There are 2 protein chains.
Amino acid sequence: MFKTVEWKKTGVVMIDPRLLPEKEVYRTYRDYKAVAGAIKDMVVRGAPAIGVSAAMGVALGASKIKAKEIKGFRKEFDKIASLLASTRPTAVNLFWGIERMRKVVEDNSSLAIPELKARLIAEAKEVHREDIEINKLIGKHGGALLKSGSTVLTHCNAGALATAGYGTALGVIRGAIEAGKKISVFADETRPFLQGARLTAWELKKDNIDVTLITDNMAGYIMKKGFIHAVVVGADRIAANGDVANKIGTYSVAILAKEHNIPFYVAAPLSTIDLKIRHGDDIPIEERDSSEVTHMKGKRLAPAGIKVRNPAFDVTPNRLVSGIITEKGVVKAPYVKGLKALFPK
Amino acid sequence: MFKTVEWKKTGVVMIDPRLLPEKEVYRTYRDYKAVAGAIKDMVVRGAPAIGVSAAMGVALGASKIKAKEIKGFRKEFDKIASLLASTRPTAVNLFWGIERMRKVVEDNSSLAIPELKARLIAEAKEVHREDIEINKLIGKHGGALLKSGSTVLTHCNAGALATAGYGTALGVIRGAIEAGKKISVFADETRPFLQGARLTAWELKKDNIDVTLITDNMAGYIMKKGFIHAVVVGADRIAANGDVANKIGTYSVAILAKEHNIPFYVAAPLSTIDLKIRHGDDIPIEERDSSEVTHMKGKRLAPAGIKVRNPAFDVTPNRLVSGIITEKGVVKAPYVKGLKALFPK
């Protein structure tokens, strides 16, 4: 199995999904600014993978701080954390990963700097290890919701490539299959970045999981034909009321699922749940460059100078969500209560 | 203004929309087999344009029949009509255009062959002339439904490029603007063939009509933001009960419109209404080559060997249709009665 992101002595190593499915290329990022660039440019994407990479980016940056005492160290640390935090606005795992590293500094500020650096590296590795473990638990809980013989529609890529490994939404599919069930998948291609066509199709095919690719606008047709038994998607941020920010188009899929009486599940770790955000409309939505819509692989698809909207995410209101699958089990409505109960007081 | 399809002494001349928006290329098709190929390969696309081109293809083929008497002429004519009818299954205008030419033969079988050929050419030109006239009437009736200051979402291209000129859905927008109203447009890019990005964006921009391009999966988000006041699309075939076959993704847009209480209008000439088909589920849906989904401009987007579905159309049930805009006025539910009343007994 490929590794999405990995801590190595040379730096943070990431697969470059922009070149998939044609080339499987791994890049080494040797300082925190390069890691920040990789997050911004979507070398790493998917909320859990962004969280892990941010933690590793902080560890990498911190490991190279020259300050000899904690005050100077903290100052440099804040600079590193700020730059990484500024890369993308929607996925809360980014901030979660950085905060987790900041807590290590707070809790160990009396340590000698070299020891503190070692702790930070160990923490980043731990975040990575936990993410896979969490995904497997999500897969176990979510897999139990799927009947053998069913076909799942997924949108974007919430797979091994969006996490440290295994995946959230695709983790649910893997979990069901590991439990002995027969599961087929329809993958929305997910314009404009084509994470479904390039990544979900690639990693499921690699795992010999039955997958059929469709364009985003075919989902309604395929549902009407009775081909889909459940929708499972990931999330970039979940508000305290269960509203879900995820890849653009998720909201449309949720409405289509409701229209066809198909359950719509969201699979995400606790690190994606942001209890500080009460309502989905308060989640910041990133608008990306118009060239993602007007060009593909350097080729122009639309007339020059055309106006474009390119929101990278949308918000699915809680009323359209049948269940949120976490490492601690499946939460159903009412979400305010159910989500709050997941966190220790 | 460009001409989508035109009868010239050298043959049938068509703009090649596959090269738009980058190049405005016109191709001359010198025999009916070449016209059939152009329809099959989507050089000409859009139900009304297909109807006009089929009529011209028949006229072109008939003009070259060598038989000197009507029996031999009819035999050759049937061969020409059959080949043209086999090009694409969904747009009923194809069969309508051919039948209209066949009627000329039936009604004039006593004429000398050269005169019959002249009648056929005249009829094909008349079909072309009428189509523009019909579109302008659709524009007038449909334009009256739109308030000044409103923004219309459209899917695929039901514009000048899909007709002899002016357009059906885009004719409605042009009609409203010609009536002095201020109208903005959002265009779905319309995967896999990108008729929205390549054609709708191009022809509206050329006409200085305010247009914003989005990917198909952004429509729900844009509606939720309150940006859209009406949806107007074309049709490839309308059943007697008002079910509408149109470009894949139309059904999803109709569901999204209903969810957001946005009126969903279909603009189409009477030649698109097929009273012989009682229910939309009986309309044959063309499934096209998987490479349209997996490749773009020769570049691979998905892993080799991936399974793909590529239905070119879907059916929107009548309950989701707020009105069908025809050259004889706007038909509303109950459609069985309203559509039947459009046709002389």
# chains A, B, ... in the order shown; residues from 1 in each chain; ligands from 1
call {"tool": "residues_around", "arguments": {"residues": "segment 117-123 of chain B", "least_positions_apart": "4", "cutoff": "10 Å", "atoms": "only C-alpha atoms", "output": "PyMOL selection string"}}
result
chain B and resi 7+55-65+100-105+108+111-113+127-129
call {"tool": "select_by_dssp", "arguments": {"residues": "segment 83-124 of chain A", "states": "helix (DSSP H, G or I)", "output": "MDAnalysis selection string"}}
result
chainID A and resid 83:85 93:107 113:124
call {"tool": "closest_atom_pairs", "arguments": {"of": "chain A", "to": "chain B", "cutoff": "9 Å", "atoms": "only C-alpha atoms", "output": "tab-separated table"}}
result
residue	atom	partner	partner_atom	distance
A:Leu20	CA	B:Pro303	CA	8.1
A:Pro21	CA	B:Pro303	CA	5.3
A:Glu22	CA	B:Pro303	CA	7.1
A:Glu189	CA	B:Ala302	CA	8.7
A:Thr190	CA	B:Asn217	CA	7.6
A:Arg191	CA	B:Thr215	CA	6.4
A:Pro192	CA	B:Thr215	CA	6.7
A:Leu194	CA	B:Leu301	CA	7.7
A:Gly196	CA	B:Ala302	CA	8.6
A:Ala197	CA	B:Ala302	CA	4.9
A:Arg198	CA	B:Ala302	CA	4.9
A:Leu199	CA	B:Ala302	CA	8.1
A:Ala201	CA	B:Pro303	CA	6.8
A:Trp202	CA	B:Pro303	CA	5.8
A:Lys205	CA	B:Ile306	CA	7.6
A:Asp210	CA	B:Lys307	CA	8.7
A:Val211	CA	B:Lys307	CA	6.7
A:Thr212	CA	B:Lys307	CA	4.7
A:Leu213	CA	B:Val308	CA	4.7
A:Ile214	CA	B:Arg309	CA	5.7
A:Thr215	CA	B:Arg191	CA	6.4
A:Asp216	CA	B:Asn217	CA	6.1
A:Asn217	CA	B:Gly249	CA	4.2
A:Met218	CA	B:Gly249	CA	5.7
A:Ala219	CA	B:Ser252	CA	7.5
A:Gly220	CA	B:Ser252	CA	5.1
A:Tyr221	CA	B:Asp314	CA	6.2
A:Ile248	CA	B:Met218	CA	6.3
A:Gly249	CA	B:Asn217	CA	4.3
A:Thr250	CA	B:Asn217	CA	7.9
A:Tyr251	CA	B:Gly220	CA	6.5
A:Ser252	CA	B:Gly220	CA	5.1
A:Val253	CA	B:Asn217	CA	8.4
A:Ile255	CA	B:Leu256	CA	7.0
A:Leu256	CA	B:Ser252	CA	7.0
A:Glu259	CA	B:Ile255	CA	7.6
A:Val293	CA	B:Thr215	CA	7.0
A:Thr294	CA	B:Ala197	CA	7.8
A:Met296	CA	B:Met296	CA	7.8
A:Lys297	CA	B:Lys299	CA	7.6
A:Lys299	CA	B:Lys297	CA	7.6
A:Arg300	CA	B:Glu22	CA	7.9
A:Leu301	CA	B:Arg198	CA	6.1
A:Ala302	CA	B:Ala197	CA	4.9
A:Pro303	CA	B:Pro21	CA	5.3
A:Ala304	CA	B:Pro21	CA	8.3
A:Ile306	CA	B:Thr212	CA	6.9
A:Lys307	CA	B:Thr212	CA	4.7
A:Val308	CA	B:Leu213	CA	4.7
A:Arg309	CA	B:Ile214	CA	5.7
A:Asn310	CA	B:Ile214	CA	6.9
A:Pro311	CA	B:Met218	CA	7.7
A:Phe313	CA	B:Tyr221	CA	8.8
A:Asp314	CA	B:Tyr221	CA	6.2
A:Val315	CA	B:Tyr221	CA	8.0
call {"tool": "atom_distance", "arguments": {"atom1": "atom CA of Pro48 of chain A", "atom2": "atom CA of Asp236 of chain A"}}
result
8.2 Å
call {"tool": "select_by_dssp", "arguments": {"residues": "segment 51-285 of chain B", "states": "strand (DSSP E)", "output": "VMD selection string"}}
result
chain B and resid 150 to 154 183 to 188 211 to 214 230 to 233 237 to 239 244 to 247 264 to 267 273 to 274
call {"tool": "atom_distance", "arguments": {"atom1": "atom CA of Arg74 of chain B", "atom2": "atom CA of Pro269 of chain B"}}
result
29.0 Å
call {"tool": "residues_around", "arguments": {"residues": "segment 325-328 of chain A", "least_positions_apart": "6", "cutoff": "10 Å", "atoms": "only C-alpha atoms", "output": "PyMOL selection string"}}
result
chain A and resi 131+133-143+145+168-169+172+232-234+265-273+339+342-343
call {"tool": "atom_distance", "arguments": {"atom1": "atom CA of Tyr32 of chain A", "atom2": "atom CA of Ile277 of chain A"}}
result
28.2 Å
call {"tool": "residues_around", "arguments": {"residues": "Leu146 of chain A", "least_positions_apart": "4", "cutoff": "10 Å", "atoms": "only C-alpha atoms", "output": "PyMOL selection string"}}
result
chain A and resi 141-142+150-152+172-173+175-177+181-183+229-230
call {"tool": "write_last_selection", "arguments": {"atoms": "N, CA and C atoms", "output": "mmCIF file, in the first residue's frame"}}
result
data_model
loop_
_atom_site.group_PDB
_atom_site.id
_atom_site.type_symbol
_atom_site.label_atom_id
_atom_site.label_comp_id
_atom_site.auth_asym_id
_atom_site.auth_seq_id
_atom_site.Cartn_x
_atom_site.Cartn_y
_atom_site.Cartn_z
ATOM 1 N N HIS A 141 -17.279 0.924 12.497
ATOM 2 C CA HIS A 141 -18.619 1.418 12.856
ATOM 3 C C HIS A 141 -19.469 1.656 11.610
ATOM 4 N N GLY A 142 -18.867 2.270 10.600
ATOM 5 C CA GLY A 142 -19.622 2.596 9.387
ATOM 6 C C GLY A 142 -19.934 1.366 8.557
ATOM 7 N N SER A 150 -24.713 -4.191 -1.348
ATOM 8 C CA SER A 150 -25.131 -2.813 -1.643
ATOM 9 C C SER A 150 -24.071 -2.026 -2.416
ATOM 10 N N THR A 151 -24.563 -0.972 -3.059
ATOM 11 C CA THR A 151 -23.705 -0.090 -3.844
ATOM 12 C C THR A 151 -23.711 1.280 -3.195
ATOM 13 N N VAL A 152 -22.520 1.809 -2.985
ATOM 14 C CA VAL A 152 -22.349 3.083 -2.279
ATOM 15 C C VAL A 152 -21.892 4.149 -3.273
ATOM 16 N N VAL A 172 -15.000 3.320 5.473
ATOM 17 C CA VAL A 172 -16.285 2.653 5.743
ATOM 18 C C VAL A 172 -16.492 1.514 4.736
ATOM 19 N N ILE A 173 -16.174 1.795 3.477
ATOM 20 C CA ILE A 173 -16.307 0.760 2.438
ATOM 21 C C ILE A 173 -15.309 -0.373 2.696
ATOM 22 N N GLY A 175 -14.030 -1.149 5.555
ATOM 23 C CA GLY A 175 -14.465 -1.827 6.781
ATOM 24 C C GLY A 175 -15.556 -2.848 6.493
ATOM 25 N N ALA A 176 -16.511 -2.466 5.644
ATOM 26 C CA ALA A 176 -17.600 -3.383 5.298
ATOM 27 C C ALA A 176 -17.052 -4.600 4.557
ATOM 28 N N ILE A 177 -16.126 -4.341 3.636
ATOM 29 C CA ILE A 177 -15.553 -5.448 2.849
ATOM 30 C C ILE A 177 -14.719 -6.368 3.747
ATOM 31 N N LYS A 181 -18.497 -8.351 3.642
ATOM 32 C CA LYS A 181 -19.623 -7.935 2.805
ATOM 33 C C LYS A 181 -19.171 -7.638 1.372
ATOM 34 N N LYS A 182 -20.127 -7.780 0.456
ATOM 35 C CA LYS A 182 -19.858 -7.472 -0.950
ATOM 36 C C LYS A 182 -20.362 -6.041 -1.194
ATOM 37 N N ILE A 183 -19.466 -5.149 -1.524
ATOM 38 C CA ILE A 183 -19.823 -3.737 -1.713
ATOM 39 C C ILE A 183 -19.296 -3.252 -3.061
ATOM 40 N N HIS A 229 -27.559 2.413 -2.873
ATOM 41 C CA HIS A 229 -28.219 2.055 -1.610
ATOM 42 C C HIS A 229 -27.801 2.940 -0.449
ATOM 43 N N ALA A 230 -26.672 3.601 -0.581
ATOM 44 C CA ALA A 230 -26.225 4.519 0.468
ATOM 45 C C ALA A 230 -25.218 5.493 -0.131
#
call {"tool": "closest_residue", "arguments": {"among": "B:Val92, B:Lys23, B:Leu204, B:Gly165", "to": "Leu275 of chain B", "atoms": "only C-alpha atoms"}}
result
B:Val92
call {"tool": "closest_residue", "arguments": {"among": "A:Thr163, A:Ser109, A:Thr87, A:Ser148", "to": "Arg288 of chain A", "atoms": "only C-alpha atoms"}}
result
A:Thr87
call {"tool": "closest_residue", "arguments": {"among": "B:His260, B:Lys3, B:Lys68, B:Arg30", "to": "Ile132 of chain B", "atoms": "only C-alpha atoms"}}
result
B:Lys3
